[in-house]
file my_file03.cif (mmCIF, C-alpha atoms)
data_final
loop_
_atom_site.label_atom_id
_atom_site.label_comp_id
_atom_site.auth_asym_id
_atom_site.auth_seq_id
_atom_site.Cartn_x
_atom_site.Cartn_y
_atom_site.Cartn_z
CA MET A 1423 -68.77 222.06 -14.76
CA ALA A 1424 -68.15 218.61 -16.22
CA GLU A 1425 -71.73 217.54 -15.46
CA THR A 1426 -73.45 220.38 -17.32
CA PRO A 1427 -75.20 219.64 -20.62
CA ARG A 1428 -73.71 220.48 -23.97
CA TYR A 1429 -75.78 221.93 -26.79
CA ALA A 1430 -75.18 221.95 -30.54
CA LEU A 1431 -76.88 223.37 -33.62
CA TYR A 1432 -77.35 220.77 -36.31
CA ALA A 1433 -78.92 220.13 -39.69
CA VAL A 1434 -80.77 216.82 -39.30
CA PRO A 1435 -82.79 215.12 -42.05
CA GLN A 1436 -86.50 214.92 -41.51
CA PRO A 1437 -87.08 211.72 -39.50
CA GLU A 1438 -89.62 210.39 -42.01
CA SER A 1439 -87.29 210.92 -45.00
CA GLY A 1440 -85.37 208.06 -46.54
CA LEU A 1441 -82.08 209.67 -45.53
CA GLY A 1442 -83.28 210.26 -41.99
CA ARG A 1443 -84.42 206.68 -41.61
CA PHE A 1444 -81.19 205.34 -43.07
CA GLY A 1445 -78.97 207.50 -40.87
CA ALA A 1446 -80.74 206.40 -37.70
CA ALA A 1447 -80.67 202.74 -38.71
CA TRP A 1448 -77.03 202.81 -39.80
CA LEU A 1449 -75.79 204.40 -36.59
CA GLY A 1450 -78.22 202.43 -34.44
CA TRP A 1451 -79.29 205.64 -32.73
CA ASP A 1452 -82.35 207.71 -33.58
CA ILE A 1453 -81.31 211.24 -32.68
CA GLU A 1454 -84.89 212.46 -33.15
CA ALA A 1455 -86.52 209.99 -30.77
CA GLY A 1456 -83.52 209.68 -28.48
CA SER A 1457 -83.64 205.90 -28.68
CA GLU A 1458 -81.65 202.97 -30.03
CA VAL A 1459 -82.57 201.38 -33.35
CA SER A 1460 -82.41 197.62 -33.04
CA PRO A 1461 -81.39 195.81 -35.04
CA PRO A 1462 -79.28 198.42 -36.82
CA GLU A 1463 -78.72 198.49 -40.57
CA THR A 1464 -75.32 196.85 -41.03
CA ALA A 1465 -75.32 196.91 -44.86
CA GLY A 1466 -74.21 193.29 -44.77
CA LEU A 1467 -71.16 193.90 -42.59
CA PRO A 1468 -70.54 191.57 -39.65
CA PRO A 1469 -72.38 193.05 -36.63
CA ALA A 1470 -69.22 193.40 -34.54
CA LEU A 1471 -67.43 195.23 -37.34
CA HIS A 1472 -70.42 197.49 -37.95
CA ALA A 1473 -70.61 198.33 -34.23
CA ALA A 1474 -66.91 199.21 -34.21
CA VAL A 1475 -66.92 201.46 -37.28
CA THR A 1476 -70.05 203.36 -36.19
CA GLY A 1477 -69.19 203.65 -32.49
CA GLU A 1478 -67.83 207.20 -32.60
CA PRO A 1479 -70.53 208.89 -34.72
CA ARG A 1480 -73.31 206.98 -32.93
CA ARG A 1481 -72.92 209.19 -29.87
CA TYR A 1482 -73.62 212.34 -31.87
CA GLY A 1483 -76.42 211.00 -34.05
CA PHE A 1484 -76.82 211.41 -37.80
CA HIS A 1485 -76.41 215.12 -38.49
CA GLY A 1486 -74.46 217.89 -40.15
CA THR A 1487 -72.89 220.39 -37.75
CA LEU A 1488 -73.78 224.07 -37.94
CA LYS A 1489 -72.29 225.00 -34.54
CA ALA A 1490 -70.25 222.41 -32.69
CA PRO A 1491 -71.18 221.25 -29.16
CA PHE A 1492 -70.63 223.71 -26.33
CA ARG A 1493 -71.53 224.22 -22.70
CA LEU A 1494 -73.49 227.30 -21.65
CA LEU A 1495 -71.95 230.17 -19.76
CA ASP A 1496 -73.36 230.36 -16.24
CA ALA A 1497 -75.36 233.49 -17.11
CA TRP A 1498 -77.52 231.57 -19.61
CA THR A 1499 -80.16 228.86 -19.30
CA GLU A 1500 -81.66 226.31 -21.65
CA SER A 1501 -84.68 228.58 -22.06
CA ASP A 1502 -82.36 231.34 -23.30
CA ILE A 1503 -80.79 229.22 -26.01
CA ILE A 1504 -84.20 227.88 -27.08
CA ALA A 1505 -85.40 231.47 -27.50
CA ALA A 1506 -82.24 232.37 -29.45
CA ALA A 1507 -82.67 229.35 -31.73
CA ALA A 1508 -86.26 230.32 -32.45
CA ALA A 1509 -85.20 233.88 -33.30
CA PHE A 1510 -82.37 232.67 -35.55
CA ALA A 1511 -84.67 230.30 -37.43
CA GLU A 1512 -87.21 233.05 -38.03
CA ARG A 1513 -84.61 235.13 -39.86
CA SER A 1514 -83.00 232.27 -41.83
CA ALA A 1515 -84.27 230.78 -45.07
CA PRO A 1516 -84.61 227.06 -45.81
CA LEU A 1517 -82.31 225.68 -48.46
CA SER A 1518 -81.80 222.60 -50.57
CA ILE A 1519 -78.64 220.63 -51.37
CA PRO A 1520 -79.24 219.16 -54.84
CA GLN A 1521 -77.15 216.07 -54.22
CA LEU A 1522 -75.09 214.47 -51.49
CA ARG A 1523 -72.33 211.95 -52.15
CA LEU A 1524 -70.54 209.32 -50.11
CA ASP A 1525 -67.03 210.61 -49.60
CA SER A 1526 -64.00 210.37 -47.35
CA LEU A 1527 -63.17 213.15 -44.92
CA GLY A 1528 -59.68 212.34 -43.79
CA ALA A 1529 -59.99 208.77 -42.49
CA PHE A 1530 -63.77 209.00 -41.98
CA LEU A 1531 -66.62 208.21 -44.34
CA ALA A 1532 -69.31 210.86 -44.56
CA LEU A 1533 -72.00 212.29 -46.79
CA ARG A 1534 -71.00 215.62 -48.31
CA PRO A 1535 -72.57 217.97 -50.84
CA ALA A 1536 -71.60 217.02 -54.38
CA GLN A 1537 -70.91 220.73 -54.90
CA ARG A 1538 -70.22 223.46 -52.38
CA SER A 1539 -73.33 225.33 -51.26
CA PRO A 1540 -72.69 229.01 -50.50
CA GLU A 1541 -76.12 229.19 -48.84
CA LEU A 1542 -75.29 226.34 -46.48
CA ASP A 1543 -71.83 227.72 -45.71
CA SER A 1544 -73.40 231.10 -44.95
CA LEU A 1545 -76.03 229.54 -42.68
CA ALA A 1546 -73.32 227.74 -40.71
CA SER A 1547 -71.17 230.87 -40.39
CA GLU A 1548 -74.10 232.94 -39.18
CA CYS A 1549 -75.00 230.19 -36.73
CA VAL A 1550 -71.47 230.17 -35.28
CA VAL A 1551 -71.59 233.91 -34.66
CA TRP A 1552 -75.21 234.08 -33.44
CA PHE A 1553 -74.77 231.51 -30.68
CA GLU A 1554 -71.23 232.43 -29.65
CA ARG A 1555 -72.40 234.59 -26.76
CA PHE A 1556 -73.79 231.48 -25.07
CA ARG A 1557 -70.62 229.39 -25.30
CA ALA A 1558 -68.50 228.68 -22.24
CA PRO A 1559 -64.74 228.50 -22.91
CA LEU A 1560 -63.32 225.09 -23.68
CA THR A 1561 -61.53 223.27 -20.90
CA GLU A 1562 -57.90 222.25 -21.33
CA ALA A 1563 -59.05 218.65 -21.85
CA GLU A 1564 -61.46 219.77 -24.59
CA LEU A 1565 -58.73 221.82 -26.28
CA SER A 1566 -56.34 218.89 -26.19
CA LYS A 1567 -58.94 216.59 -27.74
CA ARG A 1568 -59.55 219.05 -30.59
CA ARG A 1569 -55.81 219.18 -31.29
CA LEU A 1570 -55.30 215.42 -31.48
CA GLY A 1571 -55.53 215.24 -35.24
CA GLY A 1572 -53.18 218.16 -35.75
CA LEU A 1573 -54.32 221.68 -36.62
CA SER A 1574 -52.94 224.25 -39.02
CA PRO A 1575 -52.13 227.70 -37.57
CA PRO A 1576 -55.41 229.17 -38.95
CA GLN A 1577 -57.37 226.26 -37.45
CA GLU A 1578 -55.67 226.76 -34.09
CA GLU A 1579 -56.65 230.42 -34.19
CA LEU A 1580 -60.26 229.52 -34.96
CA LEU A 1581 -60.28 226.97 -32.16
CA MET A 1582 -59.17 229.56 -29.62
CA ARG A 1583 -61.57 232.23 -30.88
CA TRP A 1584 -64.68 230.19 -31.68
CA GLY A 1585 -64.25 226.90 -29.82
CA TYR A 1586 -64.00 224.84 -33.02
CA PRO A 1587 -61.29 224.77 -35.70
CA PHE A 1588 -63.50 224.02 -38.70
CA VAL A 1589 -65.58 227.15 -39.15
CA PHE A 1590 -65.81 229.90 -41.78
CA GLY A 1591 -63.12 229.24 -44.41
CA GLU A 1592 -62.28 225.88 -42.84
CA TYR A 1593 -65.90 224.68 -42.77
CA ARG A 1594 -66.89 221.62 -44.78
CA PHE A 1595 -70.44 220.39 -44.24
CA HIS A 1596 -70.57 216.65 -43.70
CA MET A 1597 -72.74 213.96 -42.13
CA THR A 1598 -70.44 211.44 -40.50
CA LEU A 1599 -71.06 207.72 -41.03
CA THR A 1600 -67.98 206.09 -39.50
CA GLY A 1601 -65.06 206.56 -37.18
CA PRO A 1602 -61.51 206.58 -38.59
CA LEU A 1603 -60.81 203.68 -40.98
CA ASP A 1604 -57.70 202.49 -42.74
CA ALA A 1605 -57.76 202.46 -46.53
CA ASP A 1606 -58.76 198.81 -46.95
CA LEU A 1607 -61.55 198.94 -44.38
CA GLY A 1608 -62.73 202.28 -45.74
CA ALA A 1609 -63.08 200.76 -49.22
CA ARG A 1610 -64.96 197.77 -47.80
CA VAL A 1611 -67.41 199.87 -45.81
CA SER A 1612 -67.89 202.30 -48.70
CA ALA A 1613 -68.75 199.42 -51.05
CA ALA A 1614 -71.25 198.08 -48.51
CA LEU A 1615 -72.88 201.48 -48.03
CA ALA A 1616 -73.15 202.55 -51.66
CA PRO A 1617 -76.18 200.43 -52.67
CA LYS A 1618 -77.98 201.22 -49.43
CA LEU A 1619 -77.56 204.94 -50.02
CA ALA A 1620 -78.26 205.04 -53.75
CA GLU A 1621 -81.92 206.04 -53.51
CA SER A 1622 -81.40 208.62 -50.75
CA LEU A 1623 -78.53 210.27 -52.59
CA ASP A 1624 -80.68 210.76 -55.67
CA THR A 1625 -83.01 212.97 -53.62
CA PRO A 1626 -82.10 216.57 -52.69
CA PHE A 1627 -81.30 217.12 -49.02
CA GLU A 1628 -83.68 219.74 -47.69
CA VAL A 1629 -82.47 221.85 -44.76
CA ARG A 1630 -85.84 223.03 -43.48
CA ASP A 1631 -85.14 223.28 -39.76
CA LEU A 1632 -82.55 224.43 -37.30
CA VAL A 1633 -82.09 221.59 -34.83
CA LEU A 1634 -81.06 222.27 -31.25
CA ALA A 1635 -79.52 219.07 -29.91
CA VAL A 1636 -78.44 218.28 -26.37
CA GLU A 1637 -76.03 215.94 -24.60
CA LEU A 1638 -77.46 215.77 -21.09
CA GLU A 1639 -74.30 214.48 -19.40
CA PRO A 1640 -70.75 213.53 -20.43
CA GLN A 1641 -70.64 210.56 -22.81
CA ALA A 1642 -74.43 210.56 -23.23
CA ARG A 1643 -75.76 210.46 -26.77
CA PHE A 1644 -77.00 213.63 -28.39
CA ARG A 1645 -80.70 213.89 -29.09
CA VAL A 1646 -82.94 216.49 -30.69
CA LEU A 1647 -84.20 218.92 -28.08
CA ARG A 1648 -86.28 220.95 -30.52
CA ARG A 1649 -86.67 221.73 -34.21
CA PHE A 1650 -87.20 225.28 -35.40
CA PRO A 1651 -88.54 225.76 -38.96
CA LEU A 1652 -86.36 228.05 -41.06
CA SER A 1653 -88.85 230.70 -42.12
CA GLY A 1654 -86.81 233.78 -43.05
#

call {"tool": "encode", "arguments": {"input": "my_file03.cif", "output": "structure tokens"}}
result
Amino acid sequence: MAETPRYALYAVPQPESGLGRFGAAWLGWDIEAGSEVSPPETAGLPPALHAAVTGEPRRYGFHGTLKAPFRLLDAWTESDIIAAAAAFAERSAPLSIPQLRLDSLGAFLALRPAQRSPELDSLASECVVWFERFRAPLTEAELSKRRLGGLSPPQEELLMRWGYPFVFGEYRFHMTLTGPLDADLGARVSAALAPKLAESLDTPFEVRDLVLAVELEPQARFRVLRRFPLSG
């Protein structure tokens, strides 16, 4: 079981967009091409420090989660989830986030919508439900990892029912830029990032595709398996 791929449904900037290029360069991993970006964009930080603060999100690529990573139940194949993603995209409309902002999410730095988007929240909720039939139950190790940061009772209930604690009312769209940072380091990295992001954050973030991403084996980096234009 541990060797089976994991799949996830993501919102990923268009690779040719300024935000897409920045995200790949900052993390040093191009989720679209499935390849390293070298040298990465360090925003003037020492390379070793940059590598440390981006190590955790690098494995997942620059993205916003719609449905968190999951393994397939034995009854399903990759072809099945590709077909389901195509069907979901055909019934779902594209949307635009007028502005993203650099923000903290707990101890992490991430890009978040400047204002909540009901359309985006709805897309994520529908995505969670639509693909739930494919999801294999979490292992005890996976459950323990999800609980490391501490969960509220409603989040624990969501974890057990949907395999992820931050869905529906607990959902907050974000595009992670760093691992956990203390306050001083967070301020330093935020100050380094701000000028590099200024132009991209002045441009609306267009969610035009549903991205099916895959982690082929444990600890591998996620990459885009296929994009499906939202055409509903």

call {"tool": "closest_atom_pairs", "arguments": {"input": "my_file03.cif", "of": "region 1547-1647 of chain A", "to": "region 1486-1509 of chain A", "cutoff": "7 Å", "atoms": "only C-alpha atoms", "output": "Markdown table"}}
result
| residue | atom | partner | partner_atom | distance |
| --- | --- | --- | --- | --- |
| A:Cys1549 | CA | A:Lys1489 | CA | 6.3 |
| A:Val1550 | CA | A:Lys1489 | CA | 5.3 |
| A:Phe1556 | CA | A:Leu1494 | CA | 5.4 |
| A:Arg1557 | CA | A:Leu1494 | CA | 5.1 |
| A:Ala1558 | CA | A:Leu1495 | CA | 4.5 |
| A:Tyr1586 | CA | A:Ala1490 | CA | 6.7 |
| A:Phe1595 | CA | A:Gly1486 | CA | 6.3 |
| A:His1596 | CA | A:Gly1486 | CA | 5.4 |
| A:Met1597 | CA | A:Gly1486 | CA | 4.7 |

call {"tool": "atom_distance", "arguments": {"input": "my_file03.cif", "atom1": "CA of Lys1618 (chain A)", "atom2": "CA of Glu1637 (chain A)"}}
result
28.9 Å

call {"tool": "closest_residue", "arguments": {"input": "my_file03.cif", "among": "A:Gly1571, A:Pro1516, A:Gly1442, A:Pro1469", "to": "Pro1651 (chain A)", "atoms": "only C-alpha atoms"}}
result
A:Pro1516

call {"tool": "resolve_selection", "arguments": {"input": "my_file03.cif", "expression": "the PyMOL selection byres ((chain A and resi 1534-1547) around 9)", "output": "ChimeraX atom specification"}}
result
/A:1487-1489,1514-1515,1517-1527,1532-1533,1548-1552,1589-1591,1593-1598,1627,1629

call {"tool": "resolve_selection", "arguments": {"input": "my_file03.cif", "expression": "the PyMOL selection byres ((chain A and resi 1580) around 12)", "output": "list in words"}}
result
Val1550, Leu1565, Arg1568, Arg1569, Leu1573, Ser1574, Pro1575, Pro1576, Gln1577, Glu1578, Glu1579, Leu1581, Met1582, Arg1583, Trp1584, Gly1585, Tyr1586, Pro1587, Phe1588, Val1589, Phe1590, Gly1591, Glu1592 and Tyr1593 of chain A

call {"tool": "closest_atom_pairs", "arguments": {"input": "my_file03.cif", "of": "region 1475-1552 of chain A", "to": "region 1641-1646 of chain A", "cutoff": "8 Å", "atoms": "all atoms listed in the file", "output": "tab-separated table"}}
result
residue	atom	partner	partner_atom	distance
A:Arg1480	CA	A:Arg1643	CA	7.5
A:Arg1481	CA	A:Arg1643	CA	4.4
A:Tyr1482	CA	A:Phe1644	CA	5.0
A:Gly1483	CA	A:Phe1644	CA	6.3

call {"tool": "atom_distance", "arguments": {"input": "my_file03.cif", "atom1": "CA of Asp1604 (chain A)", "atom2": "CA of Gly1466 (chain A)"}}
result
19.0 Å

call {"tool": "resolve_selection", "arguments": {"input": "my_file03.cif", "expression": "the PyMOL selection byres ((chain A and resi 1458) around 12)", "output": "list in words"}}
result
Ala1446, Ala1447, Trp1448, Leu1449, Gly1450, Trp1451, Asp1452, Ile1453, Glu1454, Ala1455, Gly1456, Ser1457, Val1459, Ser1460, Pro1461, Pro1462, Glu1463, Arg1480, Arg1481, Gly1483, Arg1643, Phe1644 and Arg1645 of chain A

call {"tool": "atom_distance", "arguments": {"input": "my_file03.cif", "atom1": "CA of Phe1510 (chain A)", "atom2": "CA of His1485 (chain A)"}}
result
18.8 Å

call {"tool": "axis_aligned_box", "arguments": {"input": "my_file03.cif", "around": "region 1445-1460 of chain A", "padding_each_side": "4 Å", "output": "JSON"}}
result
{"center_x": -81.2, "center_y": 205.0, "center_z": -34.7, "size_x": 18.7, "size_y": 22.8, "size_z": 20.4}
